[in-house]
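Student: First, the structure itself, so that you have it in front of you.
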Protein chains: 2
Amino acid sequence: MRDAVTPEARAGGPGSGRGGLDAERIIAAAVRFIDEHGLRMLTMQRLGAYLGVEGMALYRYVPGREALLDGVVEAVVDELFNDPEVHLEAHAGWVDYLQRLGHGLRRIALTHPEVFPLVATRPTAAPWVRPPLRSLRWIESLLQVMTDAGFSDENAAAVYRTFSSFLLGYLLLEVAGRGVETGPVEEPDVMPTEDLSGYPLLQRLEPHLSLDFAAQDFDEALEALLDRVALLLPRRRRPHRLTADE
Amino acid sequence: MRDAVTPEARAGGPGSGRGGLDAERIIAAAVRFIDEHGLRMLTMQRLGAYLGVEGMALYRYVPGREALLDGVVEAVVDELFNDPEVHLEAHAGWVDYLQRLGHGLRRIALTHPEVFPLVATRPTAAPWVRPPLRSLRWIESLLQVMTDAGFSDENAAAVYRTFSSFLLGYLLLEVAGRGVETGPVEEPDVMPTEDLSGYPLLQRLEPHLSLDFAAQDFDEALEALLDRVALLLPRRRRPHRLTADE
DNA sequence: ACCTGAACACCGTTCAAGT
DNA sequence: ACCTGAACACCGTTCAAGT
């Protein structure tokens, strides 16, 4: 629904184009605001100020705070459509497809770590829509690819469920590890490195527990999941792995 | 820290024992309040009323709302210590141990579906503490069991990470599916069964997408995870599966 | 047409005052 | 010793009023 972008000169503030509010612009500003200041700082009045306006002005374009957050989630998830690494059409088999999709969602999580908990935990439109893949278009696309690849309806659905919970758990932890308060919380008030006396193994293994095994873990775990999924395939239709030709 | 339970006659209100507040009782009431009314209804004043007192009275025992929520998370997670199905000591090998632990956490999630999102997303005491297994005692115990079973330090830590993200993703989705608003949200305002025209596969597969494959999925996925973990073991030390002796 | 001031009901939190 | 009233700063939200 691409509407003519009004004036938008008058650079200046972070609202970037003070000339004319509209829902889309407000939501985009909310995303940036959360990226910069964290979810718990987002207030109607502060978002208004961020856009050079009083908070109440936003209500002309957005039904309320909850709807705004829904819009934020939708906007962030929709970035997947503009990710050049993730083509809905041009994929080399379902393994390649799921890998691209998984990495695309991971990129979103890492680009908007403060928004991702919202993507993960906001109620979905229907009970069978599971975060973080919460766009009907993408769910349909995934089911399409899987059934085309020879998976039964049941198995295609099971893959969607498994894939969702894998991404949700993995990315939420990865993002939480990067110093994100995933709830509405105060300053972390950094615990003075917890007293680990009485926990000898925690002391010894602490270096191994720190995140930053993240990228590697992710690929391995995704690989394992895909291997397991491959076993669901009825015949000898093993996926043509990452051979770039079609 | 079992302190003499004061009067507590005067039954009546849901506060159950109006005779004397204290942090423990307030936290327990908060857990019950969230179970009954949902997280988004929990307010200092409403919790006060629930306990037969004005909201401000709580501040004598609890530093503030955030600390209260931390207490809620801790209390719920600590239920694991009283779960007769989960014995820290009496386990028949690491597979049995991880299965009991996983099911114990699932039971917690299903007992307190409205609290679990808090368990899942609240910032942890240290960056290497990963929800939902966020008790130092349990993490230590898990690492102990795994290293005792012959896993290297690196692998024991990797198992903790993998296990955590599996449980987090799986249980958060399961709980979200059971009509829980996992965020601070208004009435779900049940979408009038979304328009699925244009999404033929979603229409066709919708029955397969509904949750309630939950329990089965969980066991299967946990099994798969444990099989994968078993491959990390150096020698022929395959776990003695569920033989109840010793 | 679009924004603002003032107002309302509700938060979390503090503290002097009551009992 | 323990709770409450009143107050403060801040929410989300509505609406009559300004421009």
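Chain identifiers are assigned as A, B, and so on, following the order in which chains appear in the structure tokens; residues are numbered from 1 within each chain, and ligands are numbered from 1 in order of appearance.
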Select, as a PDB file with C-alpha atoms, in the first residue's frame, those residues of chain A with any atom no more than 12 Å from chain D (distances computed using only C-alpha atoms (C1' of nucleotides)).

Tutor:
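Writing done, so here's result37.pdb:
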ATOM      1  CA  MET A  41      11.751   3.132  27.655  1.00  0.00           C
ATOM      2  CA  LEU A  42       9.086   3.238  24.981  1.00  0.00           C
ATOM      3  CA  THR A  43       6.277   5.427  26.118  1.00  0.00           C
ATOM      4  CA  MET A  44       3.675   7.184  24.050  1.00  0.00           C
ATOM      5  CA  GLN A  45       4.919  10.540  25.232  1.00  0.00           C
ATOM      6  CA  ARG A  46       8.572   9.708  24.634  1.00  0.00           C
ATOM      7  CA  GLY A  55       2.323  11.889  22.708  1.00  0.00           C
ATOM      8  CA  MET A  56      -1.387  12.354  22.241  1.00  0.00           C
ATOM      9  CA  ALA A  57      -0.892  13.194  18.593  1.00  0.00           C
ATOM     10  CA  LEU A  58      -0.053   9.569  17.902  1.00  0.00           C
ATOM     11  CA  TYR A  59      -3.573   8.460  18.715  1.00  0.00           C
ATOM     12  CA  ARG A  60      -4.815   9.933  15.482  1.00  0.00           C
ATOM     13  CA  VAL A  62      -2.489   4.400  15.952  1.00  0.00           C
ATOM     14  CA  PRO A  63      -5.285   2.922  18.079  1.00  0.00           C
ATOM     15  CA  GLY A  64      -3.114   2.684  21.172  1.00  0.00           C
ATOM     16  CA  ARG A  65       0.063   1.339  22.641  1.00  0.00           C
ATOM     17  CA  GLU A  66      -0.784  -2.323  22.236  1.00  0.00           C
TER      18      GLU A  66
END

Student: Distance cut-off 7 Å, counting only C-alpha atoms - which residues of chain A neighbour chain B? Return them as a ChimeraX atom specification.

Tutor: /A:66,121-123,125,127-128,130,140,143-144,153-154,157,165-166,168-170,173,177,181-183,185,191,199,201-202,205,208-211

Student: Figure out the distance between atom CA of A:Gln216 and atom CA of B:Ala109, please, to one decimal in Å.

Tutor: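 Calculated distance between atom CA of B:Ala109 and atom CA of A:Gln216 is 28.9 Å.
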
Student: In Å, rounded to a single decimal, give me how far atom CA of A:Asp35 is from atom CA of A:Leu21.

Tutor: 20.1 Å

Student: Can you measure atom CA of B:His112 to atom CA of B:Trp94 for me? One decimal in Å is fine.

Tutor: 26.8 Å
